[in-house]
>>> print(open('upload_2.cif').read())   # mmCIF, N, CA and C atoms
data_data
loop_
_atom_site.label_atom_id
_atom_site.label_comp_id
_atom_site.auth_asym_id
_atom_site.auth_seq_id
_atom_site.Cartn_x
_atom_site.Cartn_y
_atom_site.Cartn_z
N GLU G 2 -30.60 25.93 38.41
CA GLU G 2 -31.86 25.76 39.11
C GLU G 2 -32.36 24.33 39.00
N ARG G 3 -31.50 23.44 38.56
CA ARG G 3 -31.87 22.03 38.47
C ARG G 3 -31.02 21.26 39.46
N ARG G 4 -31.56 20.15 39.90
CA ARG G 4 -30.78 19.27 40.76
C ARG G 4 -31.23 17.84 40.54
N SER G 5 -30.31 16.94 40.76
CA SER G 5 -30.60 15.51 40.68
C SER G 5 -30.58 14.96 42.09
N LEU G 6 -31.45 14.01 42.34
CA LEU G 6 -31.55 13.40 43.67
C LEU G 6 -31.36 11.89 43.55
N ILE G 7 -30.55 11.35 44.43
CA ILE G 7 -30.38 9.90 44.49
C ILE G 7 -30.32 9.48 45.94
N SER G 8 -30.65 8.24 46.19
CA SER G 8 -30.51 7.72 47.55
C SER G 8 -29.99 6.29 47.47
N PHE G 9 -29.35 5.89 48.55
CA PHE G 9 -28.80 4.55 48.65
C PHE G 9 -29.13 3.97 50.02
N ASP G 10 -29.37 2.67 50.03
CA ASP G 10 -29.52 1.94 51.28
C ASP G 10 -28.14 1.41 51.65
N ILE G 11 -27.58 1.94 52.72
CA ILE G 11 -26.24 1.51 53.15
C ILE G 11 -26.31 0.76 54.48
N SER G 12 -27.49 0.28 54.83
CA SER G 12 -27.68 -0.36 56.13
C SER G 12 -26.85 -1.63 56.30
N ASP G 13 -26.47 -2.29 55.20
CA ASP G 13 -25.67 -3.52 55.29
C ASP G 13 -24.17 -3.28 55.19
N VAL G 14 -23.74 -2.04 55.09
CA VAL G 14 -22.32 -1.74 54.92
C VAL G 14 -21.64 -1.73 56.29
N ASN G 15 -20.57 -2.52 56.42
CA ASN G 15 -19.76 -2.52 57.63
C ASN G 15 -18.60 -1.56 57.39
N PHE G 16 -18.64 -0.42 58.02
CA PHE G 16 -17.66 0.63 57.78
C PHE G 16 -16.34 0.42 58.53
N ASP G 17 -16.23 -0.65 59.31
CA ASP G 17 -15.01 -0.87 60.09
C ASP G 17 -13.76 -0.93 59.24
N SER G 18 -13.85 -1.54 58.06
CA SER G 18 -12.66 -1.67 57.22
C SER G 18 -12.70 -0.81 55.96
N ILE G 19 -13.72 0.05 55.85
CA ILE G 19 -13.85 0.89 54.66
C ILE G 19 -12.85 2.03 54.73
N GLN G 20 -12.05 2.16 53.67
CA GLN G 20 -11.02 3.18 53.61
C GLN G 20 -11.43 4.38 52.76
N SER G 21 -12.21 4.12 51.70
CA SER G 21 -12.64 5.21 50.82
C SER G 21 -13.94 4.82 50.12
N VAL G 22 -14.55 5.83 49.51
CA VAL G 22 -15.82 5.63 48.81
C VAL G 22 -15.78 6.43 47.51
N LYS G 23 -16.53 5.94 46.51
CA LYS G 23 -16.65 6.66 45.25
C LYS G 23 -18.07 6.54 44.73
N LEU G 24 -18.64 7.67 44.36
CA LEU G 24 -19.95 7.70 43.71
C LEU G 24 -19.71 7.91 42.23
N GLY G 25 -20.08 6.94 41.41
CA GLY G 25 -19.93 7.04 39.97
C GLY G 25 -21.27 7.28 39.31
N MET G 26 -21.29 8.23 38.37
CA MET G 26 -22.52 8.56 37.65
C MET G 26 -22.21 8.83 36.19
N LYS G 27 -23.07 8.37 35.32
CA LYS G 27 -22.90 8.54 33.88
C LYS G 27 -23.75 9.70 33.39
N MET G 28 -23.08 10.71 32.80
CA MET G 28 -23.81 11.82 32.19
C MET G 28 -24.42 11.33 30.88
N ILE G 29 -25.61 11.81 30.59
CA ILE G 29 -26.28 11.45 29.35
C ILE G 29 -26.81 12.72 28.68
N PRO G 30 -26.78 12.77 27.34
CA PRO G 30 -27.27 13.96 26.63
C PRO G 30 -28.78 14.12 26.80
N THR G 31 -29.21 15.37 26.95
CA THR G 31 -30.64 15.65 27.08
C THR G 31 -31.23 16.25 25.81
N GLY G 32 -30.37 16.83 24.98
CA GLY G 32 -30.87 17.53 23.80
C GLY G 32 -31.52 18.87 24.15
N MET G 33 -31.33 19.32 25.37
CA MET G 33 -31.96 20.57 25.83
C MET G 33 -30.90 21.65 26.06
N GLY G 34 -31.11 22.81 25.51
CA GLY G 34 -30.24 23.96 25.74
C GLY G 34 -29.02 23.99 24.85
N PHE G 35 -28.22 25.05 25.04
CA PHE G 35 -27.06 25.31 24.21
C PHE G 35 -25.79 25.32 25.05
N ALA G 36 -24.78 24.57 24.62
CA ALA G 36 -23.50 24.53 25.33
C ALA G 36 -22.84 25.90 25.34
N THR G 37 -23.06 26.70 24.29
CA THR G 37 -22.42 28.01 24.21
C THR G 37 -22.92 28.98 25.28
N ARG G 38 -23.99 28.64 25.97
CA ARG G 38 -24.52 29.49 27.06
C ARG G 38 -23.87 29.16 28.39
N LEU G 39 -22.87 28.25 28.37
CA LEU G 39 -22.16 27.88 29.59
C LEU G 39 -20.69 28.22 29.46
N PRO G 40 -20.00 28.45 30.58
CA PRO G 40 -18.55 28.63 30.51
C PRO G 40 -17.90 27.34 30.00
N VAL G 41 -16.67 27.43 29.56
CA VAL G 41 -15.97 26.25 29.04
C VAL G 41 -15.91 25.15 30.09
N MET G 42 -15.61 25.50 31.33
CA MET G 42 -15.55 24.53 32.42
C MET G 42 -16.74 24.75 33.36
N ASN G 43 -17.35 23.65 33.80
CA ASN G 43 -18.51 23.71 34.68
C ASN G 43 -18.27 22.83 35.89
N SER G 44 -18.63 23.34 37.05
CA SER G 44 -18.44 22.62 38.29
C SER G 44 -19.74 21.94 38.73
N PHE G 45 -19.63 20.65 39.05
CA PHE G 45 -20.74 19.89 39.60
C PHE G 45 -20.38 19.52 41.03
N ALA G 46 -21.35 19.57 41.91
CA ALA G 46 -21.10 19.26 43.31
C ALA G 46 -22.12 18.26 43.82
N ILE G 47 -21.69 17.48 44.81
CA ILE G 47 -22.64 16.60 45.50
C ILE G 47 -22.76 17.09 46.94
N TYR G 48 -23.98 17.00 47.41
CA TYR G 48 -24.31 17.38 48.78
C TYR G 48 -25.01 16.20 49.44
N GLY G 49 -24.70 15.97 50.70
CA GLY G 49 -25.36 14.93 51.47
C GLY G 49 -26.46 15.54 52.32
N VAL G 50 -27.65 14.98 52.23
CA VAL G 50 -28.79 15.49 52.99
C VAL G 50 -28.60 15.12 54.47
N THR G 51 -28.63 16.12 55.33
CA THR G 51 -28.40 15.91 56.75
C THR G 51 -29.67 15.98 57.59
N GLU G 52 -30.73 16.48 57.02
CA GLU G 52 -32.00 16.62 57.73
C GLU G 52 -32.84 15.37 57.46
N PRO G 53 -33.04 14.49 58.47
CA PRO G 53 -33.78 13.25 58.25
C PRO G 53 -35.16 13.44 57.63
N ALA G 54 -35.85 14.51 57.99
CA ALA G 54 -37.18 14.76 57.43
C ALA G 54 -37.13 14.99 55.92
N GLN G 55 -36.00 15.45 55.41
CA GLN G 55 -35.84 15.70 53.97
C GLN G 55 -35.54 14.42 53.19
N GLU G 56 -35.29 13.32 53.88
CA GLU G 56 -34.94 12.07 53.20
C GLU G 56 -36.15 11.21 52.85
N ASN G 57 -37.33 11.71 53.08
CA ASN G 57 -38.54 10.93 52.80
C ASN G 57 -39.08 11.15 51.40
N TRP G 58 -38.27 11.65 50.48
CA TRP G 58 -38.74 11.91 49.13
C TRP G 58 -38.83 10.59 48.35
N THR G 59 -39.67 10.58 47.34
CA THR G 59 -39.81 9.44 46.43
C THR G 59 -39.85 9.98 45.01
N LEU G 60 -39.84 9.10 44.04
CA LEU G 60 -39.93 9.53 42.64
C LEU G 60 -41.25 10.25 42.35
N ASP G 61 -42.26 9.98 43.15
CA ASP G 61 -43.57 10.62 42.95
C ASP G 61 -43.72 11.92 43.72
N SER G 62 -42.69 12.32 44.48
CA SER G 62 -42.78 13.53 45.29
C SER G 62 -42.90 14.77 44.42
N LEU G 63 -43.51 15.79 44.98
CA LEU G 63 -43.56 17.09 44.32
C LEU G 63 -42.20 17.75 44.45
N TRP G 64 -41.85 18.60 43.49
CA TRP G 64 -40.57 19.30 43.50
C TRP G 64 -40.40 20.08 44.80
N GLU G 65 -41.47 20.67 45.28
CA GLU G 65 -41.42 21.46 46.51
C GLU G 65 -41.06 20.61 47.73
N ASP G 66 -41.28 19.29 47.65
CA ASP G 66 -40.99 18.39 48.77
C ASP G 66 -39.62 17.74 48.68
N ALA G 67 -38.89 18.03 47.61
CA ALA G 67 -37.57 17.44 47.42
C ALA G 67 -36.56 18.07 48.38
N PRO G 68 -35.52 17.34 48.74
CA PRO G 68 -34.48 17.90 49.61
C PRO G 68 -33.87 19.16 49.01
N ILE G 69 -33.44 20.07 49.88
CA ILE G 69 -32.85 21.33 49.46
C ILE G 69 -31.43 21.44 50.01
N LEU G 70 -30.63 22.29 49.36
CA LEU G 70 -29.23 22.44 49.76
C LEU G 70 -29.07 22.97 51.18
N GLU G 71 -30.04 23.73 51.66
CA GLU G 71 -29.96 24.26 53.02
C GLU G 71 -29.99 23.15 54.07
N ASP G 72 -30.48 21.98 53.69
CA ASP G 72 -30.53 20.83 54.60
C ASP G 72 -29.49 19.78 54.21
N ALA G 73 -28.36 20.24 53.65
CA ALA G 73 -27.33 19.31 53.17
C ALA G 73 -25.95 19.91 53.38
N ILE G 74 -24.93 19.04 53.32
CA ILE G 74 -23.55 19.52 53.42
C ILE G 74 -22.81 19.17 52.12
N HIS G 75 -21.88 20.04 51.76
CA HIS G 75 -21.07 19.82 50.56
C HIS G 75 -20.11 18.66 50.79
N LEU G 76 -20.08 17.72 49.85
CA LEU G 76 -19.23 16.54 49.98
C LEU G 76 -18.07 16.52 49.00
N ASP G 77 -18.29 16.97 47.77
CA ASP G 77 -17.23 16.95 46.77
C ASP G 77 -17.68 17.75 45.56
N SER G 78 -16.71 18.18 44.75
CA SER G 78 -16.98 18.88 43.49
C SER G 78 -16.06 18.34 42.42
N ILE G 79 -16.50 18.48 41.17
CA ILE G 79 -15.70 18.06 40.03
C ILE G 79 -16.00 18.99 38.87
N SER G 80 -15.00 19.26 38.02
CA SER G 80 -15.19 20.13 36.86
C SER G 80 -15.31 19.31 35.58
N VAL G 81 -16.17 19.79 34.68
CA VAL G 81 -16.45 19.10 33.42
C VAL G 81 -16.50 20.15 32.32
N ARG G 82 -15.92 19.85 31.16
CA ARG G 82 -16.03 20.74 30.01
C ARG G 82 -17.49 20.82 29.57
N ARG G 83 -17.91 22.00 29.14
CA ARG G 83 -19.31 22.19 28.76
C ARG G 83 -19.74 21.28 27.63
N SER G 84 -18.81 20.90 26.77
CA SER G 84 -19.17 20.07 25.61
C SER G 84 -19.34 18.59 25.97
N ARG G 85 -18.92 18.19 27.16
CA ARG G 85 -19.02 16.78 27.55
C ARG G 85 -20.42 16.48 28.08
N GLN G 86 -21.11 15.61 27.39
CA GLN G 86 -22.44 15.21 27.83
C GLN G 86 -22.52 13.71 28.03
N ASP G 87 -21.40 13.03 27.87
CA ASP G 87 -21.40 11.58 28.01
C ASP G 87 -20.27 11.10 28.92
N LYS G 88 -19.88 11.93 29.83
CA LYS G 88 -18.75 11.65 30.71
C LYS G 88 -19.19 10.83 31.92
N TYR G 89 -18.28 10.00 32.41
CA TYR G 89 -18.50 9.29 33.66
C TYR G 89 -17.89 10.13 34.77
N LEU G 90 -18.69 10.57 35.73
CA LEU G 90 -18.19 11.39 36.83
C LEU G 90 -17.98 10.51 38.06
N ALA G 91 -16.93 10.81 38.80
CA ALA G 91 -16.66 10.08 40.04
C ALA G 91 -16.42 11.08 41.16
N PHE G 92 -17.26 11.02 42.17
CA PHE G 92 -17.12 11.86 43.35
C PHE G 92 -16.55 11.01 44.47
N THR G 93 -15.66 11.58 45.24
CA THR G 93 -15.01 10.83 46.32
C THR G 93 -14.60 11.80 47.41
N GLY G 94 -13.86 11.34 48.37
CA GLY G 94 -13.32 12.24 49.39
C GLY G 94 -13.60 11.80 50.81
N GLU G 95 -12.77 12.28 51.69
CA GLU G 95 -12.88 11.94 53.11
C GLU G 95 -14.17 12.49 53.72
N THR G 96 -14.57 13.70 53.32
CA THR G 96 -15.81 14.28 53.82
C THR G 96 -17.00 13.43 53.42
N PHE G 97 -16.98 12.91 52.21
CA PHE G 97 -18.04 12.03 51.71
C PHE G 97 -18.12 10.77 52.57
N LEU G 98 -16.99 10.14 52.82
CA LEU G 98 -16.97 8.92 53.63
C LEU G 98 -17.43 9.22 55.06
N ASP G 99 -17.00 10.31 55.63
CA ASP G 99 -17.43 10.68 56.99
C ASP G 99 -18.94 10.88 57.04
N PHE G 100 -19.50 11.50 56.00
CA PHE G 100 -20.96 11.69 55.93
C PHE G 100 -21.67 10.33 55.96
N LEU G 101 -21.19 9.39 55.17
CA LEU G 101 -21.83 8.06 55.12
C LEU G 101 -21.71 7.34 56.46
N LYS G 102 -20.54 7.42 57.07
CA LYS G 102 -20.33 6.77 58.37
C LYS G 102 -21.22 7.36 59.46
N ALA G 103 -21.53 8.63 59.37
CA ALA G 103 -22.34 9.30 60.38
C ALA G 103 -23.83 9.04 60.22
N ASP G 104 -24.23 8.41 59.13
CA ASP G 104 -25.65 8.16 58.89
C ASP G 104 -26.22 7.26 59.98
N SER G 105 -27.43 7.58 60.43
CA SER G 105 -28.02 6.83 61.53
C SER G 105 -29.17 5.90 61.14
N ASP G 106 -29.74 6.08 59.94
CA ASP G 106 -30.91 5.26 59.59
C ASP G 106 -30.68 4.30 58.43
N GLY G 107 -29.47 4.27 57.86
CA GLY G 107 -29.16 3.32 56.79
C GLY G 107 -29.55 3.78 55.40
N ILE G 108 -30.21 4.92 55.29
CA ILE G 108 -30.58 5.48 53.98
C ILE G 108 -29.91 6.83 53.85
N VAL G 109 -29.18 7.05 52.75
CA VAL G 109 -28.57 8.35 52.51
C VAL G 109 -29.12 8.94 51.22
N SER G 110 -29.35 10.23 51.26
CA SER G 110 -29.82 10.95 50.08
C SER G 110 -28.75 11.95 49.67
N ILE G 111 -28.58 12.06 48.35
CA ILE G 111 -27.54 12.92 47.78
C ILE G 111 -28.17 13.83 46.75
N ILE G 112 -27.75 15.09 46.77
CA ILE G 112 -28.20 16.08 45.79
C ILE G 112 -27.01 16.41 44.89
N ILE G 113 -27.22 16.40 43.58
CA ILE G 113 -26.19 16.77 42.62
C ILE G 113 -26.64 18.05 41.92
N VAL G 114 -25.76 19.04 41.90
CA VAL G 114 -26.09 20.31 41.25
C VAL G 114 -24.92 20.77 40.39
N ARG G 115 -25.25 21.48 39.33
CA ARG G 115 -24.21 22.20 38.59
C ARG G 115 -24.08 23.55 39.26
N GLU G 116 -22.92 23.83 39.77
CA GLU G 116 -22.71 25.08 40.50
C GLU G 116 -22.46 26.25 39.56
N THR G 117 -22.03 25.97 38.36
CA THR G 117 -21.72 27.00 37.38
C THR G 117 -23.00 27.47 36.70
N GLY G 118 -23.19 28.78 36.64
CA GLY G 118 -24.38 29.34 36.01
C GLY G 118 -24.18 29.61 34.53
N GLN G 119 -25.26 29.99 33.89
CA GLN G 119 -25.23 30.34 32.48
C GLN G 119 -24.49 31.65 32.28
N ILE G 120 -24.01 31.85 31.04
CA ILE G 120 -23.44 33.13 30.68
C ILE G 120 -24.48 33.90 29.86
N ASP G 121 -24.29 35.20 29.75
CA ASP G 121 -25.27 36.04 29.05
C ASP G 121 -25.42 35.61 27.60
N GLY G 122 -26.60 35.77 27.10
CA GLY G 122 -26.91 35.44 25.71
C GLY G 122 -28.37 35.06 25.60
N SER G 123 -28.78 34.67 24.40
CA SER G 123 -30.17 34.29 24.22
C SER G 123 -30.29 32.78 24.16
N GLY G 124 -31.39 32.29 24.65
CA GLY G 124 -31.65 30.86 24.68
C GLY G 124 -31.16 30.23 25.98
N PRO G 125 -31.70 29.06 26.30
CA PRO G 125 -31.33 28.38 27.55
C PRO G 125 -29.96 27.71 27.46
N GLY G 126 -29.30 27.61 28.60
CA GLY G 126 -28.04 26.89 28.67
C GLY G 126 -28.25 25.39 28.59
N LEU G 127 -27.21 24.69 28.24
CA LEU G 127 -27.25 23.24 28.14
C LEU G 127 -27.71 22.62 29.45
N VAL G 128 -28.57 21.64 29.36
CA VAL G 128 -29.04 20.91 30.53
C VAL G 128 -28.27 19.59 30.59
N HIS G 129 -27.45 19.45 31.63
CA HIS G 129 -26.75 18.20 31.87
C HIS G 129 -27.66 17.26 32.66
N ALA G 130 -27.52 15.97 32.41
CA ALA G 130 -28.33 14.99 33.14
C ALA G 130 -27.50 13.74 33.40
N PHE G 131 -28.00 12.92 34.33
CA PHE G 131 -27.33 11.69 34.71
C PHE G 131 -28.28 10.52 34.55
N ALA G 132 -27.74 9.39 34.13
CA ALA G 132 -28.56 8.20 33.96
C ALA G 132 -29.07 7.71 35.31
N SER G 133 -30.31 7.26 35.32
CA SER G 133 -30.86 6.62 36.51
C SER G 133 -30.78 5.11 36.31
N ASP G 134 -31.18 4.36 37.31
CA ASP G 134 -31.14 2.91 37.16
C ASP G 134 -32.21 2.40 36.18
N ALA G 135 -33.09 3.30 35.72
CA ALA G 135 -34.11 2.92 34.75
C ALA G 135 -33.71 3.26 33.31
N HIS G 136 -32.51 3.82 33.12
CA HIS G 136 -32.09 4.20 31.77
C HIS G 136 -31.92 2.94 30.92
N PRO G 137 -32.37 2.97 29.65
CA PRO G 137 -32.32 1.76 28.81
C PRO G 137 -30.92 1.34 28.37
N GLU G 138 -29.93 2.24 28.41
CA GLU G 138 -28.60 1.89 27.92
C GLU G 138 -27.48 2.14 28.91
N ALA G 139 -27.55 3.21 29.68
CA ALA G 139 -26.48 3.56 30.60
C ALA G 139 -26.82 3.08 32.01
N SER G 140 -25.79 2.77 32.78
CA SER G 140 -26.04 2.33 34.16
C SER G 140 -26.31 3.53 35.05
N GLY G 141 -27.08 3.31 36.07
CA GLY G 141 -27.41 4.35 37.03
C GLY G 141 -26.27 4.58 38.01
N PRO G 142 -26.48 5.45 38.97
CA PRO G 142 -25.43 5.78 39.95
C PRO G 142 -24.98 4.53 40.72
N VAL G 143 -23.68 4.48 40.99
CA VAL G 143 -23.10 3.36 41.72
C VAL G 143 -22.27 3.90 42.88
N LEU G 144 -22.49 3.37 44.05
CA LEU G 144 -21.73 3.74 45.24
C LEU G 144 -20.78 2.59 45.53
N ARG G 145 -19.48 2.86 45.42
CA ARG G 145 -18.47 1.82 45.61
C ARG G 145 -17.68 2.11 46.90
N PHE G 146 -17.46 1.04 47.65
CA PHE G 146 -16.69 1.13 48.88
C PHE G 146 -15.39 0.36 48.70
N TYR G 147 -14.30 0.93 49.21
CA TYR G 147 -12.98 0.31 49.11
C TYR G 147 -12.47 0.08 50.52
N SER G 148 -12.05 -1.15 50.77
CA SER G 148 -11.60 -1.49 52.12
C SER G 148 -10.11 -1.72 52.17
N VAL G 149 -9.59 -1.73 53.40
CA VAL G 149 -8.19 -2.02 53.65
C VAL G 149 -8.01 -3.52 53.48
N LYS G 150 -6.98 -3.91 52.78
CA LYS G 150 -6.73 -5.36 52.58
C LYS G 150 -5.71 -5.88 53.53
#
>>> encode(input="upload_2.cif", output="structure tokens")
Amino acid sequence: ERRSLISFDISDVNFDSIQSVKLGMKMIPTGMGFATRLPVMNSFAIYGVTEPAQENWTLDSLWEDAPILEDAIHLDSISVRRSRQDKYLAFTGETFLDFLKADSDGIVSIIIVRETGQIDGSGPGLVHAFASDAHPEASGPVLRFYSVK
């Protein structure tokens, strides 16, 4: 029931020679919840927001005004062991690149969710989190483009 939101300004990107893209994000420990309440492997997915009206969110927005999965398309998934809280995740794929190329306003919003739910037991499941660009030690999300040479 948690999601992370990020956006990028890609208005200056010339996609003519772009061959692939990678979104890199650093997981950081939250100290919240129990790893034992999650399966050994957990799937994280990124979704690209396709509804322009949903892209007007800011850090000050209310949770109810944040983009939702119903207004987004699945771009990529990756699996992570439940015990990993400091892993660098990299999302990529042709669908992801096509989504970026199809953008019409130069701003893209991405939703990150853990698709794997908790397992039965008492207490909350581990809360995974990702560093933002304001984190004091870890770097925030990075969108890298790779071109044909």
>>> select_by_dssp(input="upload_2.cif", residues="stretch 43-135 of chain G", states="helix (DSSP H, G or I)", output="list in words")
Pro53, Ala54, Gln55, Glu56, Trp64, Glu65, Asp66, Leu70, Glu71, Asp72, Glu95, Thr96, Phe97, Leu98, Asp99, Phe100, Leu101, Lys102 and Ala103 of chain G
>>> residues_around(input="upload_2.cif", residues="stretch 66-77 of chain G", least_positions_apart="4", cutoff="5 Å", atoms="all atoms listed in the file", output="mmCIF file with N, CA and C atoms, in the coordinates of the input")
data_model
loop_
_atom_site.group_PDB
_atom_site.id
_atom_site.type_symbol
_atom_site.label_atom_id
_atom_site.label_comp_id
_atom_site.auth_asym_id
_atom_site.auth_seq_id
_atom_site.Cartn_x
_atom_site.Cartn_y
_atom_site.Cartn_z
ATOM 1 N N ALA G 46 -21.350 19.570 41.910
ATOM 2 C CA ALA G 46 -21.100 19.260 43.310
ATOM 3 C C ALA G 46 -22.120 18.260 43.820
ATOM 4 N N ILE G 47 -21.690 17.480 44.810
ATOM 5 C CA ILE G 47 -22.640 16.600 45.500
ATOM 6 C C ILE G 47 -22.760 17.090 46.940
ATOM 7 N N TYR G 48 -23.980 17.000 47.410
ATOM 8 C CA TYR G 48 -24.310 17.380 48.780
ATOM 9 C C TYR G 48 -25.010 16.200 49.440
ATOM 10 N N GLY G 49 -24.700 15.970 50.700
ATOM 11 C CA GLY G 49 -25.360 14.930 51.470
ATOM 12 C C GLY G 49 -26.460 15.540 52.320
ATOM 13 N N VAL G 50 -27.650 14.980 52.230
ATOM 14 C CA VAL G 50 -28.790 15.490 52.990
ATOM 15 C C VAL G 50 -28.600 15.120 54.470
ATOM 16 N N THR G 51 -28.630 16.120 55.330
ATOM 17 C CA THR G 51 -28.400 15.910 56.750
ATOM 18 C C THR G 51 -29.670 15.980 57.590
ATOM 19 N N GLU G 52 -30.730 16.480 57.020
ATOM 20 C CA GLU G 52 -32.000 16.620 57.730
ATOM 21 C C GLU G 52 -32.840 15.370 57.460
ATOM 22 N N PHE G 97 -16.980 12.910 52.210
ATOM 23 C CA PHE G 97 -18.040 12.030 51.710
ATOM 24 C C PHE G 97 -18.120 10.770 52.570
#
>>> resolve_selection(input="upload_2.cif", expression="the PyMOL selection byres (((chain G and resi 126 and name CA) around 6) and name CA)", output="VMD selection string")
chain G and resid 34 to 35 38 119 125 127
>>> residues_near_point(input="upload_2.cif", point="(-21.9, 7.8, 36.9)", cutoff="6 Å", atoms="only N, CA and C atoms", output="VMD selection string")
chain G and resid 24 to 28 89 to 90 141 to 143
>>> write_last_selection(input="upload_2.cif", atoms="N, CA and C atoms", output="compact mmCIF listing (two decimals), keeping the file's coordinate frame")
# COMPACT_ATOMS: atom_id res chain seq x y z
N LEU G 24 -18.64 7.67 44.36
CA LEU G 24 -19.95 7.70 43.71
C LEU G 24 -19.71 7.91 42.23
N GLY G 25 -20.08 6.94 41.41
CA GLY G 25 -19.93 7.04 39.97
C GLY G 25 -21.27 7.28 39.31
N MET G 26 -21.29 8.23 38.37
CA MET G 26 -22.52 8.56 37.65
C MET G 26 -22.21 8.83 36.19
N LYS G 27 -23.07 8.37 35.32
CA LYS G 27 -22.90 8.54 33.88
C LYS G 27 -23.75 9.70 33.39
N MET G 28 -23.08 10.71 32.80
CA MET G 28 -23.81 11.82 32.19
C MET G 28 -24.42 11.33 30.88
N TYR G 89 -18.28 10.00 32.41
CA TYR G 89 -18.50 9.29 33.66
C TYR G 89 -17.89 10.13 34.77
N LEU G 90 -18.69 10.57 35.73
CA LEU G 90 -18.19 11.39 36.83
C LEU G 90 -17.98 10.51 38.06
N GLY G 141 -27.08 3.31 36.07
CA GLY G 141 -27.41 4.35 37.03
C GLY G 141 -26.27 4.58 38.01
N PRO G 142 -26.48 5.45 38.97
CA PRO G 142 -25.43 5.78 39.95
C PRO G 142 -24.98 4.53 40.72
N VAL G 143 -23.68 4.48 40.99
CA VAL G 143 -23.10 3.36 41.72
C VAL G 143 -22.27 3.90 42.88
>>> closest_residue(input="upload_2.cif", among="G:Asp87, G:Lys23, G:Lys102, G:Glu116", to="G:Tyr147", atoms="all atoms listed in the file")
G:Lys23
>>> atom_distance(input="upload_2.cif", atom1="atom N of G:Ser12", atom2="atom CA of G:Arg115")
27.5 Å
>>> atom_distance(input="upload_2.cif", atom1="atom N of G:Ile7", atom2="atom C of G:Ile113")
8.2 Å
>>> atom_distance(input="upload_2.cif", atom1="atom CA of G:Asp121", atom2="atom CA of G:Val41")
13.5 Å
>>> residues_around(input="upload_2.cif", residues="G:Ile29", least_positions_apart="4", cutoff="6.5 Å", atoms="all atoms listed in the file", output="ChimeraX atom specification")
/G:86-88,129-132
>>> resolve_selection(input="upload_2.cif", expression="the PyMOL selection byres ((chain G and resi 149) around 8)", output="mmCIF file with N, CA and C atoms, keeping the file's coordinate frame")
data_model
loop_
_atom_site.group_PDB
_atom_site.id
_atom_site.type_symbol
_atom_site.label_atom_id
_atom_site.label_comp_id
_atom_site.auth_asym_id
_atom_site.auth_seq_id
_atom_site.Cartn_x
_atom_site.Cartn_y
_atom_site.Cartn_z
ATOM 1 N N ASP G 17 -16.230 -0.650 59.310
ATOM 2 C CA ASP G 17 -15.010 -0.870 60.090
ATOM 3 C C ASP G 17 -13.760 -0.930 59.240
ATOM 4 N N SER G 18 -13.850 -1.540 58.060
ATOM 5 C CA SER G 18 -12.660 -1.670 57.220
ATOM 6 C C SER G 18 -12.700 -0.810 55.960
ATOM 7 N N ILE G 19 -13.720 0.050 55.850
ATOM 8 C CA ILE G 19 -13.850 0.890 54.660
ATOM 9 C C ILE G 19 -12.850 2.030 54.730
ATOM 10 N N GLN G 20 -12.050 2.160 53.670
ATOM 11 C CA GLN G 20 -11.020 3.180 53.610
ATOM 12 C C GLN G 20 -11.430 4.380 52.760
ATOM 13 N N SER G 21 -12.210 4.120 51.700
ATOM 14 C CA SER G 21 -12.640 5.210 50.820
ATOM 15 C C SER G 21 -13.940 4.820 50.120
ATOM 16 N N PHE G 146 -17.460 1.040 47.650
ATOM 17 C CA PHE G 146 -16.690 1.130 48.880
ATOM 18 C C PHE G 146 -15.390 0.360 48.700
ATOM 19 N N TYR G 147 -14.300 0.930 49.210
ATOM 20 C CA TYR G 147 -12.980 0.310 49.110
ATOM 21 C C TYR G 147 -12.470 0.080 50.520
ATOM 22 N N SER G 148 -12.050 -1.150 50.770
ATOM 23 C CA SER G 148 -11.600 -1.490 52.120
ATOM 24 C C SER G 148 -10.110 -1.720 52.170
ATOM 25 N N LYS G 150 -6.980 -3.910 52.780
ATOM 26 C CA LYS G 150 -6.730 -5.360 52.580
ATOM 27 C C LYS G 150 -5.710 -5.880 53.530
#
>>> closest_residue(input="upload_2.cif", among="G:Val114, G:Pro137, G:Trp58, G:Arg85", to="G:Pro30", atoms="only N, CA and C atoms")
G:Arg85
>>> select_by_dssp(input="upload_2.cif", residues="chain G", states="strand (DSSP E or B)", output="ChimeraX atom specification")
/G:4-10,19-29,35,42-50,73-82,89-93,108-115,126,130-131,143-148
>>> closest_residue(input="upload_2.cif", among="G:Asp10, G:Glu56, G:Ala91, G:Val128", to="G:Ala36", atoms="all atoms listed in the file")
G:Val128
>>> closest_residue(input="upload_2.cif", among="G:Leu144, G:Leu39, G:Leu6, G:Ala135", to="G:Asn57", atoms="only C-alpha atoms")
G:Leu6
>>> residues_around(input="upload_2.cif", residues="G:Val81", least_positions_apart="6", cutoff="5 Å", atoms="only N, CA and C atoms", output="list in words")
Met42, Asn43 and Ser44 of chain G
>>> resolve_selection(input="upload_2.cif", expression="the PyMOL selection byres (((chain G and resi 104 and name CA) around 10) and name CA)", output="MDAnalysis selection string")
chainID G and resid 11:12 50:51 53 99:103 105:109
